[in-house]
Amino acid sequence: MINLLLPVDQQKLRADYRRRWFVVSGFLTLGWLLIVFIIAASLYWFVRFRRADAETALAAIKTDRVAAAIKEQAAAIKEADVLTKSLRVDPLTISPSSVIRRLLDRRGSVTVSEIAYVVPPDGPPALKLAGKSQTRQEFLVYLEALRSDPELVTVDSPVKNLIQEKNFTFTLGITIKSPAPPK
C-alpha cells in the first residue's frame, strides 16, 4: 500500500513511522527505567534497614563477647590471687632457706646429698636430710651442732647412722620450730 503513494508522501509516512517508533520505544524505555528505579529503590531501603539490624546485632554480639572476656579475665585474676596468697610469706614464719643455710654452714666435713622440705597441714614444718660422713665422730659433731640450734625443735637420727665407724651414709629427720600464732 505504501507503494501506491507518491514518493513525497512515502517519505512523510516513513518519517511519521520513525517518529512514532521513537516515541513508543521512548515510552517503553521510560517505563522500564521507572520499574527498575522502583525495584532498585525498594531494594536499597530493604538493604539499608537490614544493615541497621545487622549492625545492631553485631554490636550486641561484641558487647556479649567483651563481657565474657572480662568475666574470664576476672576469674583468672581471682585464681591468680588465690594462688599467690599461698606464696606470700608470713612475717612470723621461719624461712626454710635460712634453716637450710644454717644446716649447710654447720656441716663441717660432712657431705649433705639431699634435703627435702615438708610442711604437713596439721604439724610444724620438717626437713628430711641425707648425706655421707667420713667418720662417726664428724657425724656426731654435726648432730650435736644441729641439736643445739634454737630454731630446730627435734633432730631425729636412726640408730643405723651410728653402727658403722667410717664412710657411711646417714639420714636425719628435723622438725623446725613453728611460728608463734598471731595475737
# chains A, B, ... in the order shown; residues from 1 in each chain; ligands from 1
$ closest_atom_pairs --of "stretch 88-135 of chain A" --to "stretch 169-176 of chain A" --cutoff "10 Å" --atoms "only C-alpha atoms" --output "tab-separated table"
residue	atom	partner	partner_atom	distance
A:Ile94	CA	A:Ile176	CA	8.3
A:Pro96	CA	A:Ile176	CA	8.8
A:Val99	CA	A:Ile176	CA	8.1
A:Val110	CA	A:Thr169	CA	9.9
A:Thr111	CA	A:Thr169	CA	9.2
A:Val112	CA	A:Phe170	CA	9.3
A:Ser113	CA	A:Thr169	CA	9.5
A:Glu114	CA	A:Thr171	CA	9.2
A:Ile115	CA	A:Leu172	CA	9.6
A:Ala116	CA	A:Gly173	CA	9.8
A:Tyr117	CA	A:Ile174	CA	9.6
A:Val118	CA	A:Thr175	CA	9.5
A:Val119	CA	A:Ile176	CA	9.8
A:Gly123	CA	A:Thr175	CA	9.5
A:Pro124	CA	A:Ile176	CA	6.5
A:Pro125	CA	A:Ile176	CA	5.5
A:Ala126	CA	A:Thr175	CA	4.4
A:Leu127	CA	A:Ile174	CA	5.0
A:Lys128	CA	A:Gly173	CA	4.9
A:Leu129	CA	A:Leu172	CA	5.0
A:Ala130	CA	A:Thr171	CA	4.3
A:Gly131	CA	A:Phe170	CA	5.5
A:Lys132	CA	A:Thr169	CA	4.3
A:Ser133	CA	A:Thr169	CA	6.4
A:Gln134	CA	A:Thr169	CA	9.0
$ write_last_selection --atoms "C-alpha atoms" --output "tab-separated table (two decimals), in the first residue's frame"
chain	number	residue	atom	x	y	z
A	94	ILE	CA	60.81	-19.03	109.61
A	96	PRO	CA	63.19	-22.61	105.01
A	99	VAL	CA	67.27	-23.02	108.14
A	110	VAL	CA	80.01	-33.97	106.45
A	111	THR	CA	78.60	-34.12	102.90
A	112	VAL	CA	74.89	-33.36	102.51
A	113	SER	CA	73.44	-35.05	99.42
A	114	GLU	CA	69.68	-34.50	99.78
A	115	ILE	CA	67.38	-32.07	101.59
A	116	ALA	CA	63.58	-32.36	101.44
A	117	TYR	CA	61.35	-29.67	102.95
A	118	VAL	CA	57.90	-30.90	104.08
A	119	VAL	CA	55.03	-28.86	105.52
A	123	GLY	CA	52.00	-30.04	112.05
A	124	PRO	CA	55.17	-27.99	112.07
A	125	PRO	CA	57.46	-27.83	109.03
A	126	ALA	CA	60.09	-30.54	108.76
A	127	LEU	CA	63.26	-31.39	106.85
A	128	LYS	CA	64.50	-34.77	105.70
A	129	LEU	CA	68.27	-34.69	105.34
A	130	ALA	CA	70.54	-37.34	103.81
A	131	GLY	CA	74.30	-37.31	103.46
A	132	LYS	CA	77.65	-39.02	103.89
A	133	SER	CA	80.27	-38.78	106.62
A	134	GLN	CA	83.89	-39.93	106.65
$ select_by_dssp --residues "chain A" --states "strand (DSSP E)" --output "VMD selection string"
chain A and resid 111 to 118 126 to 135 152 to 156 166 to 176
$ select_by_dssp --residues "stretch 136-176 of chain A" --states "helix (DSSP H, G or I)" --output "list of chain:residue names"
A:Arg136, A:Gln137, A:Glu138, A:Phe139, A:Leu140, A:Val141, A:Tyr142, A:Leu143, A:Glu144, A:Ala145, A:Leu146, A:Arg147, A:Val159, A:Lys160, A:Asn161, A:Leu162
$ closest_residue --among "A:Arg65, A:Arg50, A:Arg136, A:Arg106" --to "A:Lys166" --atoms "only C-alpha atoms"
A:Arg136
$ atom_distance --atom1 "atom CA of A:Val141" --atom2 "atom CA of A:Glu165"
14.0 Å
$ atom_distance --atom1 "atom CA of A:Asp53" --atom2 "atom CA of A:Val36"
25.5 Å
$ atom_distance --atom1 "atom CA of A:Arg48" --atom2 "atom CA of A:Leu34"
20.7 Å
$ residues_around --residues "stretch 142-144 of chain A" --least-positions-apart "4" --cutoff "8 Å" --atoms "only C-alpha atoms" --output "ChimeraX atom specification"
/A:106-108,110,138,148,155
